[in-house]
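Let me begin by presenting the structure, written as structure tokens, before commenting on it.
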Amino acid sequence: MTWTVTRVLSDRNAALYLTGAAVSGFGSSAMWLVCGIWVKDLTGSDGLAALCVFTLWAPTLIGPALGPLADRTRRRPLLIASNLALAALLPLLLTVDAPDRLWVLFSVLLVYGATGVVHDAAESALLASAVGAPLLGDFNGLRMAVNEGMKLVAPLTGAGLYAAYGGAPVALLDAATFASAAGVFALLRVRETPPPGGTTEGWRARTALGARALWRHGGLRTLVLAGGTTMLFAGLNGATVYAVAEGLGHSPAYVGVLYVAQGVGSVAVGPASGPLLRRLGERRFAGYGIALTAVAVALRAVPSDAVVLGSCLAVGVGLPCVLVAAYTAIQRETPGHLLGRVTATAGTLLYAPNAVGLAVGAGLVELVDHRLLLVALGVARLVTVGPLLRRSGAPVPD
């Protein structure tokens, strides 16, 4: 794994990408937690606090419509502009000091989420040309590890800043990280093919073209559908976490320990992802990760702290596998002029089911014993592994 990290960091563009992702990811992770606390303090409403997360994720639902932006302009300038735009937008939160100013906060979060969808599509698309194909698996694994690592560290920093000084310093911190990330992306050395011009296609046609390209590629379709199903089950599983803590005889605060264990697992699998992808291929790597997650989820039904903590660690290891595999395959096999919108469409199919799973799971956990639900979820996940181990479908030419 040390060799993998060294291999990626020795590539100038890959190292810059990881630096940019770490810097902006730190600010985002701090801000996302603080927004909910901020709203709760101003209004006392749990519902409005939870709405912050929904507002941030809502633009993912229209990812296919936002993706064409990443294919209609040069991607490096788009990355720089999107980071600078967010750096300029976030100081507006300094005006949020009363409940009647919450519209500013939610408006900023909505733009924040929409810009993030375009940014992620452009970043993934540019990676295919900025980082060599042999490094993509290693890079995507390390990026996952960096993102998860920031989620372990940044929320505590943000919460501490908020407790001491309020929300304004956290907003300024996030703005500074976006400005820094823009500077990092400006240092990238990449020769981009000019985007196609003179097309008479409408926005709807360009959006549909990305979705059609993804669907017609049997291998990519299988990976993305397996990833979406996995994230649906992850949402259902996530809804049981407080019941699991209660079943172990702990207070709700113990959930934080379970999340840390899962985060540690996700950080650990990152450096190993590249070598495992080369050895197993995307489909088997994803399939084995889902299988590990299925067994681990079922084991969370065991009333033992050691077993549950171990299962959370295993979920953290297994869950990212299908995501890393899907994005790596998309970057390698999608034509460059379609890569932005295909990535955005895949993002919607991968992450939107997680929100659905959380909503459905919140109802199920009130009706069904969480231990039976966890075992059922584990068995259901195993069923989704089969298609990944069959022969890959061939791409259909455009």
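Residue numbering restarts at 1 in every chain; chains get A, B, ... in the order shown in the structure tokens, and ligands count up from 1 in that same order.
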
Quick one: residues within 12 Å of Ser24 in chain A, only C-alpha atoms counted, chain neighbours fewer than 2 positions away excluded, as an mmCIF file with all heavy atoms, in the first residue's frame?
data_model
loop_
_atom_site.group_PDB
_atom_site.id
_atom_site.type_symbol
_atom_site.label_atom_id
_atom_site.label_comp_id
_atom_site.auth_asym_id
_atom_site.auth_seq_id
_atom_site.Cartn_x
_atom_site.Cartn_y
_atom_site.Cartn_z
ATOM 1 N N TYR A 17 -4.292 16.872 -7.671
ATOM 2 C CA TYR A 17 -5.710 16.535 -7.530
ATOM 3 C C TYR A 17 -6.031 16.130 -6.095
ATOM 4 O O TYR A 17 -7.023 16.566 -5.505
ATOM 5 C CB TYR A 17 -6.072 15.388 -8.468
ATOM 6 C CG TYR A 17 -6.806 15.804 -9.712
ATOM 7 C CD1 TYR A 17 -6.205 15.708 -10.949
ATOM 8 C CD2 TYR A 17 -8.107 16.287 -9.645
ATOM 9 C CE1 TYR A 17 -6.870 16.077 -12.106
ATOM 10 C CE2 TYR A 17 -8.785 16.656 -10.787
ATOM 11 C CZ TYR A 17 -8.169 16.550 -12.015
ATOM 12 O OH TYR A 17 -8.836 16.920 -13.146
ATOM 13 N N LEU A 18 -5.209 15.268 -5.526
ATOM 14 C CA LEU A 18 -5.455 14.813 -4.155
ATOM 15 C C LEU A 18 -5.359 15.968 -3.168
ATOM 16 O O LEU A 18 -6.135 16.046 -2.213
ATOM 17 C CB LEU A 18 -4.463 13.710 -3.781
ATOM 18 C CG LEU A 18 -4.762 12.316 -4.305
ATOM 19 C CD1 LEU A 18 -3.653 11.349 -3.908
ATOM 20 C CD2 LEU A 18 -6.101 11.809 -3.767
ATOM 21 N N THR A 19 -4.409 16.872 -3.403
ATOM 22 C CA THR A 19 -4.280 18.039 -2.530
ATOM 23 C C THR A 19 -5.536 18.905 -2.592
ATOM 24 O O THR A 19 -6.080 19.323 -1.560
ATOM 25 C CB THR A 19 -3.053 18.875 -2.929
ATOM 26 O OG1 THR A 19 -1.873 18.062 -2.849
ATOM 27 C CG2 THR A 19 -2.893 20.079 -2.007
ATOM 28 N N GLY A 20 -6.009 19.154 -3.807
ATOM 29 C CA GLY A 20 -7.223 19.943 -3.964
ATOM 30 C C GLY A 20 -8.426 19.284 -3.317
ATOM 31 O O GLY A 20 -9.244 19.935 -2.662
ATOM 32 N N ALA A 21 -8.536 17.957 -3.500
ATOM 33 C CA ALA A 21 -9.656 17.222 -2.907
ATOM 34 C C ALA A 21 -9.594 17.255 -1.385
ATOM 35 O O ALA A 21 -10.622 17.391 -0.709
ATOM 36 C CB ALA A 21 -9.644 15.778 -3.401
ATOM 37 N N ALA A 22 -8.388 17.139 -0.830
ATOM 38 C CA ALA A 22 -8.238 17.158 0.628
ATOM 39 C C ALA A 22 -8.595 18.524 1.201
ATOM 40 O O ALA A 22 -9.299 18.626 2.217
ATOM 41 C CB ALA A 22 -6.804 16.779 1.008
ATOM 42 N N PHE A 26 -12.024 19.070 3.353
ATOM 43 C CA PHE A 26 -11.964 19.437 4.767
ATOM 44 C C PHE A 26 -12.981 20.532 5.070
ATOM 45 O O PHE A 26 -13.772 20.434 6.024
ATOM 46 C CB PHE A 26 -10.561 19.915 5.130
ATOM 47 C CG PHE A 26 -10.392 20.279 6.575
ATOM 48 C CD1 PHE A 26 -10.023 19.314 7.494
ATOM 49 C CD2 PHE A 26 -10.618 21.565 7.031
ATOM 50 C CE1 PHE A 26 -9.874 19.631 8.846
ATOM 51 C CE2 PHE A 26 -10.472 21.894 8.362
ATOM 52 C CZ PHE A 26 -10.096 20.931 9.265
ATOM 53 N N GLY A 27 -12.989 21.583 4.259
ATOM 54 C CA GLY A 27 -13.932 22.670 4.489
ATOM 55 C C GLY A 27 -15.377 22.231 4.346
ATOM 56 O O GLY A 27 -16.240 22.609 5.140
ATOM 57 N N SER A 28 -15.652 21.402 3.322
ATOM 58 C CA SER A 28 -17.032 20.947 3.097
ATOM 59 C C SER A 28 -17.537 20.098 4.249
ATOM 60 O O SER A 28 -18.671 20.261 4.713
ATOM 61 C CB SER A 28 -17.110 20.155 1.788
ATOM 62 O OG SER A 28 -16.812 20.976 0.679
ATOM 63 N N SER A 29 -16.701 19.160 4.720
ATOM 64 C CA SER A 29 -17.123 18.284 5.814
ATOM 65 C C SER A 29 -17.397 19.080 7.082
ATOM 66 O O SER A 29 -18.335 18.781 7.827
ATOM 67 C CB SER A 29 -16.049 17.217 6.083
ATOM 68 O OG SER A 29 -15.908 16.358 4.976
ATOM 69 N N ALA A 30 -16.590 20.115 7.334
ATOM 70 C CA ALA A 30 -16.819 20.961 8.511
ATOM 71 C C ALA A 30 -18.117 21.746 8.353
ATOM 72 O O ALA A 30 -18.929 21.840 9.285
ATOM 73 C CB ALA A 30 -15.645 21.914 8.697
ATOM 74 N N MET A 31 -18.354 22.276 7.161
ATOM 75 C CA MET A 31 -19.517 23.133 6.928
ATOM 76 C C MET A 31 -20.815 22.352 6.984
ATOM 77 O O MET A 31 -21.820 22.832 7.520
ATOM 78 C CB MET A 31 -19.367 23.810 5.561
ATOM 79 C CG MET A 31 -20.356 24.930 5.319
ATOM 80 S SD MET A 31 -19.977 26.381 6.317
ATOM 81 C CE MET A 31 -21.530 26.636 7.151
ATOM 82 N N LEU A 79 -13.387 23.881 -13.236
ATOM 83 C CA LEU A 79 -13.053 23.532 -11.853
ATOM 84 C C LEU A 79 -12.585 24.757 -11.079
ATOM 85 O O LEU A 79 -12.985 24.975 -9.927
ATOM 86 C CB LEU A 79 -11.963 22.454 -11.821
ATOM 87 C CG LEU A 79 -12.370 21.052 -12.242
ATOM 88 C CD1 LEU A 79 -11.143 20.141 -12.260
ATOM 89 C CD2 LEU A 79 -13.420 20.490 -11.306
ATOM 90 N N SER A 82 -15.646 27.089 -10.518
ATOM 91 C CA SER A 82 -16.627 26.600 -9.542
ATOM 92 C C SER A 82 -16.105 26.753 -8.120
ATOM 93 O O SER A 82 -16.866 27.111 -7.209
ATOM 94 C CB SER A 82 -16.977 25.134 -9.835
ATOM 95 O OG SER A 82 -15.852 24.298 -9.706
ATOM 96 N N ASN A 83 -14.824 26.510 -7.916
ATOM 97 C CA ASN A 83 -14.259 26.691 -6.577
ATOM 98 C C ASN A 83 -14.244 28.167 -6.172
ATOM 99 O O ASN A 83 -14.564 28.509 -5.033
ATOM 100 C CB ASN A 83 -12.839 26.111 -6.526
ATOM 101 C CG ASN A 83 -12.823 24.615 -6.302
ATOM 102 O OD1 ASN A 83 -12.986 24.130 -5.190
ATOM 103 N ND2 ASN A 83 -12.646 23.862 -7.373
ATOM 104 N N LEU A 84 -13.888 29.048 -7.108
ATOM 105 C CA LEU A 84 -13.889 30.475 -6.796
ATOM 106 C C LEU A 84 -15.301 30.990 -6.545
ATOM 107 O O LEU A 84 -15.514 31.853 -5.691
ATOM 108 C CB LEU A 84 -13.239 31.254 -7.940
ATOM 109 C CG LEU A 84 -11.729 31.078 -8.091
ATOM 110 C CD1 LEU A 84 -11.227 31.847 -9.306
ATOM 111 C CD2 LEU A 84 -10.984 31.532 -6.832
ATOM 112 N N LEU A 86 -17.808 29.316 -5.228
ATOM 113 C CA LEU A 86 -18.214 28.931 -3.878
ATOM 114 C C LEU A 86 -17.464 29.742 -2.821
ATOM 115 O O LEU A 86 -18.023 30.081 -1.774
ATOM 116 C CB LEU A 86 -17.981 27.439 -3.672
ATOM 117 C CG LEU A 86 -18.950 26.526 -4.436
ATOM 118 C CD1 LEU A 86 -18.552 25.065 -4.277
ATOM 119 C CD2 LEU A 86 -20.383 26.729 -3.955
ATOM 120 N N ALA A 87 -16.204 30.056 -3.098
ATOM 121 C CA ALA A 87 -15.444 30.895 -2.164
ATOM 122 C C ALA A 87 -16.085 32.274 -2.028
ATOM 123 O O ALA A 87 -16.096 32.864 -0.938
ATOM 124 C CB ALA A 87 -14.000 31.027 -2.643
ATOM 125 N N GLY A 116 -21.488 21.542 -6.708
ATOM 126 C CA GLY A 116 -20.733 20.331 -6.409
ATOM 127 C C GLY A 116 -20.974 19.229 -7.426
ATOM 128 O O GLY A 116 -20.050 18.494 -7.791
ATOM 129 N N HIS A 119 -19.032 20.260 -10.477
ATOM 130 C CA HIS A 119 -17.605 20.151 -10.148
ATOM 131 C C HIS A 119 -17.152 18.698 -10.176
ATOM 132 O O HIS A 119 -16.116 18.367 -10.772
ATOM 133 C CB HIS A 119 -17.372 20.759 -8.764
ATOM 134 C CG HIS A 119 -15.951 20.705 -8.297
ATOM 135 N ND1 HIS A 119 -15.376 19.556 -7.779
ATOM 136 C CD2 HIS A 119 -14.972 21.652 -8.278
ATOM 137 C CE1 HIS A 119 -14.124 19.798 -7.459
ATOM 138 N NE2 HIS A 119 -13.853 21.061 -7.746
ATOM 139 N N ASP A 120 -17.902 17.807 -9.547
ATOM 140 C CA ASP A 120 -17.511 16.404 -9.499
ATOM 141 C C ASP A 120 -17.500 15.776 -10.883
ATOM 142 O O ASP A 120 -16.620 14.963 -11.209
ATOM 143 C CB ASP A 120 -18.467 15.619 -8.590
ATOM 144 C CG ASP A 120 -18.276 15.962 -7.119
ATOM 145 O OD1 ASP A 120 -17.277 16.625 -6.789
ATOM 146 O OD2 ASP A 120 -19.135 15.574 -6.301
ATOM 147 N N VAL A 146 -9.013 9.807 1.254
ATOM 148 C CA VAL A 146 -8.882 11.207 1.659
ATOM 149 C C VAL A 146 -10.240 11.772 2.078
ATOM 150 O O VAL A 146 -10.361 12.443 3.109
ATOM 151 C CB VAL A 146 -8.272 12.040 0.511
ATOM 152 C CG1 VAL A 146 -8.429 13.536 0.777
ATOM 153 C CG2 VAL A 146 -6.802 11.700 0.341
ATOM 154 N N ASN A 147 -11.272 11.506 1.266
ATOM 155 C CA ASN A 147 -12.613 12.007 1.593
ATOM 156 C C ASN A 147 -13.097 11.485 2.938
ATOM 157 O O ASN A 147 -13.644 12.227 3.755
ATOM 158 C CB ASN A 147 -13.602 11.596 0.501
ATOM 159 C CG ASN A 147 -13.425 12.383 -0.777
ATOM 160 O OD1 ASN A 147 -12.782 13.427 -0.786
ATOM 161 N ND2 ASN A 147 -13.967 11.886 -1.875
ATOM 162 N N MET A 150 -11.189 13.062 5.830
ATOM 163 C CA MET A 150 -11.669 14.410 6.145
ATOM 164 C C MET A 150 -12.959 14.355 6.964
ATOM 165 O O MET A 150 -13.193 15.178 7.851
ATOM 166 C CB MET A 150 -11.906 15.207 4.867
ATOM 167 C CG MET A 150 -10.650 15.561 4.092
ATOM 168 S SD MET A 150 -9.439 16.516 5.038
ATOM 169 C CE MET A 150 -8.237 15.231 5.457
ATOM 170 N N LYS A 151 -13.813 13.355 6.677
ATOM 171 C CA LYS A 151 -15.067 13.223 7.425
ATOM 172 C C LYS A 151 -14.823 12.831 8.879
ATOM 173 O O LYS A 151 -15.681 13.058 9.746
ATOM 174 C CB LYS A 151 -15.958 12.176 6.758
ATOM 175 C CG LYS A 151 -16.517 12.613 5.413
ATOM 176 C CD LYS A 151 -17.320 11.508 4.761
ATOM 177 C CE LYS A 151 -17.782 11.893 3.362
ATOM 178 N NZ LYS A 151 -18.504 10.787 2.692
ATOM 179 N N ALA A 154 -12.591 16.721 10.035
ATOM 180 C CA ALA A 154 -13.143 18.059 9.823
ATOM 181 C C ALA A 154 -14.387 18.370 10.659
ATOM 182 O O ALA A 154 -14.512 19.492 11.165
ATOM 183 C CB ALA A 154 -13.436 18.262 8.340
ATOM 184 N N LEU A 173 -13.801 29.642 6.797
ATOM 185 C CA LEU A 173 -12.854 28.543 6.613
ATOM 186 C C LEU A 173 -13.169 27.775 5.336
ATOM 187 O O LEU A 173 -12.271 27.477 4.524
ATOM 188 C CB LEU A 173 -12.900 27.604 7.819
ATOM 189 C CG LEU A 173 -12.140 26.275 7.672
ATOM 190 C CD1 LEU A 173 -10.644 26.523 7.560
ATOM 191 C CD2 LEU A 173 -12.438 25.348 8.851
ATOM 192 N N ASP A 174 -14.447 27.481 5.134
ATOM 193 C CA ASP A 174 -14.840 26.745 3.937
ATOM 194 C C ASP A 174 -14.537 27.563 2.681
ATOM 195 O O ASP A 174 -14.059 27.030 1.668
ATOM 196 C CB ASP A 174 -16.327 26.404 4.014
ATOM 197 C CG ASP A 174 -16.709 25.274 3.072
ATOM 198 O OD1 ASP A 174 -15.804 24.607 2.529
ATOM 199 O OD2 ASP A 174 -17.914 25.036 2.884
ATOM 200 N N ALA A 175 -14.810 28.860 2.740
ATOM 201 C CA ALA A 175 -14.504 29.727 1.595
ATOM 202 C C ALA A 175 -13.006 29.714 1.292
ATOM 203 O O ALA A 175 -12.591 29.653 0.124
ATOM 204 C CB ALA A 175 -14.982 31.155 1.876
ATOM 205 N N ALA A 176 -12.182 29.770 2.345
ATOM 206 C CA ALA A 176 -10.728 29.758 2.146
ATOM 207 C C ALA A 176 -10.253 28.442 1.532
ATOM 208 O O ALA A 176 -9.351 28.432 0.682
ATOM 209 C CB ALA A 176 -10.024 30.013 3.480
ATOM 210 N N THR A 177 -10.877 27.329 1.932
ATOM 211 C CA THR A 177 -10.457 26.044 1.359
ATOM 212 C C THR A 177 -10.822 25.968 -0.124
ATOM 213 O O THR A 177 -10.062 25.412 -0.927
ATOM 214 C CB THR A 177 -11.095 24.856 2.109
ATOM 215 O OG1 THR A 177 -12.523 24.912 2.003
ATOM 216 C CG2 THR A 177 -10.691 24.851 3.571
ATOM 217 N N PHE A 178 -11.970 26.538 -0.509
ATOM 218 C CA PHE A 178 -12.338 26.532 -1.929
ATOM 219 C C PHE A 178 -11.398 27.430 -2.736
ATOM 220 O O PHE A 178 -11.010 27.087 -3.863
ATOM 221 C CB PHE A 178 -13.788 26.977 -2.111
ATOM 222 C CG PHE A 178 -14.775 25.866 -1.884
ATOM 223 C CD1 PHE A 178 -15.703 25.944 -0.856
ATOM 224 C CD2 PHE A 178 -14.773 24.727 -2.677
ATOM 225 C CE1 PHE A 178 -16.615 24.920 -0.643
ATOM 226 C CE2 PHE A 178 -15.681 23.703 -2.461
ATOM 227 C CZ PHE A 178 -16.607 23.797 -1.444
ATOM 228 N N ALA A 179 -11.031 28.575 -2.190
ATOM 229 C CA ALA A 179 -10.090 29.452 -2.886
ATOM 230 C C ALA A 179 -8.735 28.758 -3.051
ATOM 231 O O ALA A 179 -8.103 28.852 -4.112
ATOM 232 C CB ALA A 179 -9.931 30.768 -2.122
ATOM 233 N N SER A 180 -8.309 28.050 -2.012
ATOM 234 C CA SER A 180 -7.046 27.312 -2.089
ATOM 235 C C SER A 180 -7.117 26.197 -3.125
ATOM 236 O O SER A 180 -6.172 25.975 -3.891
ATOM 237 C CB SER A 180 -6.701 26.734 -0.716
ATOM 238 O OG SER A 180 -6.562 27.749 0.250
ATOM 239 N N ALA A 181 -8.261 25.485 -3.157
ATOM 240 C CA ALA A 181 -8.427 24.407 -4.132
ATOM 241 C C ALA A 181 -8.388 24.954 -5.559
ATOM 242 O O ALA A 181 -7.827 24.316 -6.463
ATOM 243 C CB ALA A 181 -9.735 23.670 -3.882
ATOM 244 N N ALA A 182 -8.962 26.144 -5.774
ATOM 245 C CA ALA A 182 -8.910 26.762 -7.108
ATOM 246 C C ALA A 182 -7.461 27.010 -7.514
ATOM 247 O O ALA A 182 -7.077 26.776 -8.673
ATOM 248 C CB ALA A 182 -9.699 28.069 -7.114
ATOM 249 N N GLY A 183 -6.646 27.466 -6.571
ATOM 250 C CA GLY A 183 -5.234 27.677 -6.858
ATOM 251 C C GLY A 183 -4.513 26.381 -7.198
ATOM 252 O O GLY A 183 -3.664 26.341 -8.101
ATOM 253 N N VAL A 184 -4.862 25.305 -6.494
ATOM 254 C CA VAL A 184 -4.241 24.004 -6.771
ATOM 255 C C VAL A 184 -4.619 23.520 -8.166
ATOM 256 O O VAL A 184 -3.761 23.061 -8.937
ATOM 257 C CB VAL A 184 -4.663 22.969 -5.702
ATOM 258 C CG1 VAL A 184 -4.195 21.574 -6.097
ATOM 259 C CG2 VAL A 184 -4.087 23.353 -4.337
ATOM 260 N N PHE A 185 -5.907 23.609 -8.525
ATOM 261 C CA PHE A 185 -6.335 23.157 -9.849
ATOM 262 C C PHE A 185 -5.719 24.002 -10.960
ATOM 263 O O PHE A 185 -5.525 23.520 -12.077
ATOM 264 C CB PHE A 185 -7.862 23.165 -9.940
ATOM 265 C CG PHE A 185 -8.525 22.072 -9.161
ATOM 266 C CD1 PHE A 185 -9.499 22.364 -8.214
ATOM 267 C CD2 PHE A 185 -8.164 20.745 -9.344
ATOM 268 C CE1 PHE A 185 -10.103 21.352 -7.491
ATOM 269 C CE2 PHE A 185 -8.764 19.729 -8.619
ATOM 270 C CZ PHE A 185 -9.732 20.032 -7.693
#

Can you pull out every residue within 12 Å of range 376-384 of chain A, counting only C-alpha atoms, but drop anything in the same chain fewer than 3 positions away, and send it as a short mmCIF file (atom, residue, chain, number, x, y, z; two decimals) with C-alpha atoms, in the first residue's frame?
data_model
loop_
_atom_site.label_atom_id
_atom_site.label_comp_id
_atom_site.auth_asym_id
_atom_site.auth_seq_id
_atom_site.Cartn_x
_atom_site.Cartn_y
_atom_site.Cartn_z
CA THR A 222 -24.17 -3.48 -14.29
CA LEU A 223 -21.62 -1.73 -12.06
CA VAL A 224 -23.72 1.42 -11.61
CA LEU A 225 -26.92 -0.50 -10.90
CA ALA A 226 -25.08 -2.67 -8.38
CA GLY A 227 -23.67 0.49 -6.79
CA GLY A 228 -27.10 2.12 -6.61
CA THR A 229 -28.58 -1.01 -5.04
CA THR A 230 -25.71 -1.11 -2.56
CA MET A 231 -26.30 2.52 -1.59
CA LEU A 232 -30.03 1.84 -1.20
CA PHE A 233 -29.22 -0.92 1.26
CA ALA A 234 -26.65 1.35 2.92
CA GLY A 235 -29.44 3.84 3.59
CA LEU A 236 -31.68 1.12 5.00
CA ASN A 237 -28.79 -0.10 7.13
CA GLY A 238 -27.97 3.43 8.29
CA ALA A 239 -31.49 3.88 9.60
CA THR A 240 -30.89 1.05 12.10
CA ARG A 283 -16.57 -6.28 -11.45
CA ALA A 286 -17.02 -4.57 -6.59
CA GLY A 287 -18.68 -7.97 -6.07
CA TYR A 288 -16.31 -9.02 -3.30
CA GLY A 289 -16.76 -5.66 -1.58
CA ILE A 290 -20.55 -6.04 -1.66
CA ALA A 291 -20.29 -9.61 -0.33
CA LEU A 292 -18.09 -8.44 2.57
CA THR A 293 -20.58 -5.68 3.34
CA ALA A 294 -23.50 -8.13 3.25
CA VAL A 295 -21.91 -10.44 5.81
CA ALA A 296 -20.87 -7.51 7.99
CA VAL A 297 -24.37 -5.99 8.01
CA ALA A 298 -25.89 -9.30 9.09
CA LEU A 299 -23.33 -9.56 11.90
CA ARG A 300 -24.48 -6.23 13.32
CA ALA A 301 -27.46 -8.16 14.66
CA SER A 311 -18.75 -5.34 11.40
CA VAL A 315 -18.70 -2.25 6.14
CA GLY A 318 -16.50 -3.16 1.60
CA LEU A 319 -18.86 -0.28 0.83
CA VAL A 322 -18.29 -0.73 -5.85
CA GLY A 357 -33.09 3.98 1.81
CA GLY A 361 -35.51 2.47 6.75
CA LEU A 364 -39.16 -0.02 8.81
CA VAL A 368 -39.55 -4.59 12.44
CA ASP A 369 -37.01 -5.78 15.00
CA HIS A 370 -33.71 -4.27 13.86
CA ARG A 371 -31.91 -7.63 14.17
CA LEU A 372 -34.29 -9.32 11.74
CA LEU A 373 -34.01 -6.34 9.43
CA PRO A 387 -24.61 -10.13 -11.97
CA LEU A 388 -21.15 -8.71 -11.22
CA LEU A 389 -19.50 -12.11 -11.54
CA ARG A 390 -21.00 -12.86 -14.95
#

If we count only C-alpha atoms and set the cut-off at 12 Å, which residues sit around Tyr259 in chain A, ignoring sequence neighbours fewer than 5 positions away in its own chain? Please answer as a CSV table (one decimal) with N, CA, C and O atoms, in the first residue's frame.
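Dumped everything to selection.csv:
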chain,number,residue,atom,x,y,z
A,148,GLU,N,-12.9,10.2,3.2
A,148,GLU,CA,-13.4,9.6,4.4
A,148,GLU,C,-12.5,10.1,5.6
A,148,GLU,O,-13.0,10.3,6.7
A,149,GLY,N,-11.2,10.3,5.3
A,149,GLY,CA,-10.4,10.8,6.4
A,149,GLY,C,-10.8,12.2,6.8
A,149,GLY,O,-10.8,12.6,8.0
A,151,LYS,N,-13.8,13.4,6.7
A,151,LYS,CA,-15.1,13.2,7.4
A,151,LYS,C,-14.8,12.8,8.9
A,151,LYS,O,-15.7,13.1,9.7
A,152,LEU,N,-13.7,12.2,9.2
A,152,LEU,CA,-13.3,11.9,10.5
A,152,LEU,C,-12.8,13.1,11.3
A,152,LEU,O,-13.0,13.2,12.5
A,238,GLY,N,-28.3,2.3,7.5
A,238,GLY,CA,-28.0,3.4,8.3
A,238,GLY,C,-29.1,3.8,9.2
A,238,GLY,O,-28.9,4.4,10.3
A,241,VAL,N,-29.0,2.4,12.9
A,241,VAL,CA,-27.8,2.5,13.7
A,241,VAL,C,-28.1,2.9,15.1
A,241,VAL,O,-27.5,2.4,16.1
A,242,TYR,N,-29.2,3.7,15.3
A,242,TYR,CA,-29.5,4.0,16.7
A,242,TYR,C,-30.1,2.8,17.5
A,242,TYR,O,-29.9,2.7,18.7
A,245,ALA,N,-27.2,0.7,18.6
A,245,ALA,CA,-26.6,1.2,19.8
A,245,ALA,C,-27.4,1.0,21.0
A,245,ALA,O,-26.9,0.6,22.1
A,252,PRO,N,-27.4,7.1,22.6
A,252,PRO,CA,-27.3,7.5,21.2
A,252,PRO,C,-25.9,8.0,20.8
A,252,PRO,O,-25.5,7.9,19.7
A,253,ALA,N,-25.2,8.6,21.8
A,253,ALA,CA,-23.9,9.1,21.5
A,253,ALA,C,-22.9,8.0,21.0
A,253,ALA,O,-21.9,8.3,20.3
A,254,TYR,N,-23.2,6.8,21.3
A,254,TYR,CA,-22.4,5.7,20.9
A,254,TYR,C,-22.3,5.5,19.4
A,254,TYR,O,-21.4,4.9,18.8
A,264,VAL,N,-12.8,4.5,9.5
A,264,VAL,CA,-11.4,3.9,9.6
A,264,VAL,C,-11.3,2.8,8.5
A,264,VAL,O,-10.3,2.7,7.8
A,265,GLY,N,-12.3,2.0,8.4
A,265,GLY,CA,-12.3,0.9,7.3
A,265,GLY,C,-12.2,1.5,5.9
A,265,GLY,O,-11.5,1.0,5.1
A,266,SER,N,-13.0,2.6,5.7
A,266,SER,CA,-12.9,3.2,4.3
A,266,SER,C,-11.6,3.8,4.1
A,266,SER,O,-11.1,3.8,2.9
A,308,VAL,N,-20.0,-5.9,16.7
A,308,VAL,CA,-20.6,-4.8,16.0
A,308,VAL,C,-19.5,-3.8,15.5
A,308,VAL,O,-19.6,-3.3,14.4
A,309,LEU,N,-18.6,-3.6,16.3
A,309,LEU,CA,-17.5,-2.7,15.9
A,309,LEU,C,-16.7,-3.3,14.8
A,309,LEU,O,-16.3,-2.6,13.8
A,310,GLY,N,-16.4,-4.6,14.8
A,310,GLY,CA,-15.8,-5.2,13.7
A,310,GLY,C,-16.6,-5.2,12.4
A,310,GLY,O,-16.0,-5.0,11.3
A,311,SER,N,-17.9,-5.4,12.6
A,311,SER,CA,-18.7,-5.3,11.4
A,311,SER,C,-18.8,-3.9,10.8
A,311,SER,O,-18.8,-3.8,9.6
A,312,CYS,N,-18.8,-2.9,11.6
A,312,CYS,CA,-18.8,-1.5,11.1
A,312,CYS,C,-17.4,-1.3,10.4
A,312,CYS,O,-17.4,-0.6,9.3
A,313,LEU,N,-16.4,-1.8,10.9
A,313,LEU,CA,-15.1,-1.7,10.2
A,313,LEU,C,-15.1,-2.3,8.8
A,313,LEU,O,-14.7,-1.8,7.8
A,314,ALA,N,-15.7,-3.6,8.8
A,314,ALA,CA,-15.8,-4.3,7.6
A,314,ALA,C,-16.7,-3.6,6.6
A,314,ALA,O,-16.5,-3.6,5.4
A,315,VAL,N,-17.8,-3.0,7.0
A,315,VAL,CA,-18.7,-2.3,6.1
A,315,VAL,C,-17.9,-1.1,5.5
A,315,VAL,O,-18.0,-0.8,4.3
A,316,GLY,N,-17.1,-0.4,6.3
A,316,GLY,CA,-16.3,0.6,5.8
A,316,GLY,C,-15.3,0.2,4.7
A,316,GLY,O,-15.0,0.9,3.8

Inset, instruction - Would you mind listing what lies within 8 Å of Gly167 in chain A as a PyMOL selection string, with only C-alpha atoms counted and same-chain residues fewer than 5 positions away left out? - result: chain A and resi 34-35+38+94+161-162

For the residues in that selection, give me N, CA, C and O atoms as a compact mmCIF listing (two decimals), in the first residue's frame.
# COMPACT_ATOMS: atom_id res chain seq x y z
N VAL A 34 -21.90 21.78 10.56
CA VAL A 34 -22.20 23.02 11.27
C VAL A 34 -23.52 23.62 10.81
O VAL A 34 -24.25 24.21 11.62
N CYS A 35 -23.87 23.47 9.54
CA CYS A 35 -25.13 24.05 9.05
C CYS A 35 -26.33 23.53 9.85
O CYS A 35 -27.21 24.30 10.23
N TRP A 38 -26.26 25.02 13.32
CA TRP A 38 -26.60 26.44 13.21
C TRP A 38 -28.12 26.62 13.15
O TRP A 38 -28.71 27.42 13.88
N LEU A 94 -22.50 35.02 6.56
CA LEU A 94 -22.23 35.90 7.70
C LEU A 94 -23.46 36.73 8.06
O LEU A 94 -23.55 37.28 9.16
N LEU A 161 -15.01 25.06 16.28
CA LEU A 161 -15.03 26.47 15.88
C LEU A 161 -16.40 27.09 16.13
O LEU A 161 -16.51 28.22 16.63
N TYR A 162 -17.45 26.33 15.79
CA TYR A 162 -18.80 26.86 15.98
C TYR A 162 -19.10 27.08 17.46
O TYR A 162 -19.68 28.11 17.84

Inset, instruction - Would you work out the distance separating CA of Gly336 in chain A from CA of Leu276 in chain A, expressed in Å to one decimal? - result: 25.4 Å

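The residue set within 8 Å of Gly270 in chain A, counting only C-alpha atoms and dropping same-chain residues fewer than 3 places from it, reads Asp138, Asn140, Gly141, Leu142, Arg143, Met144, Ala145, Ser266, Val267, Ser273 and Gly274 of chain A.
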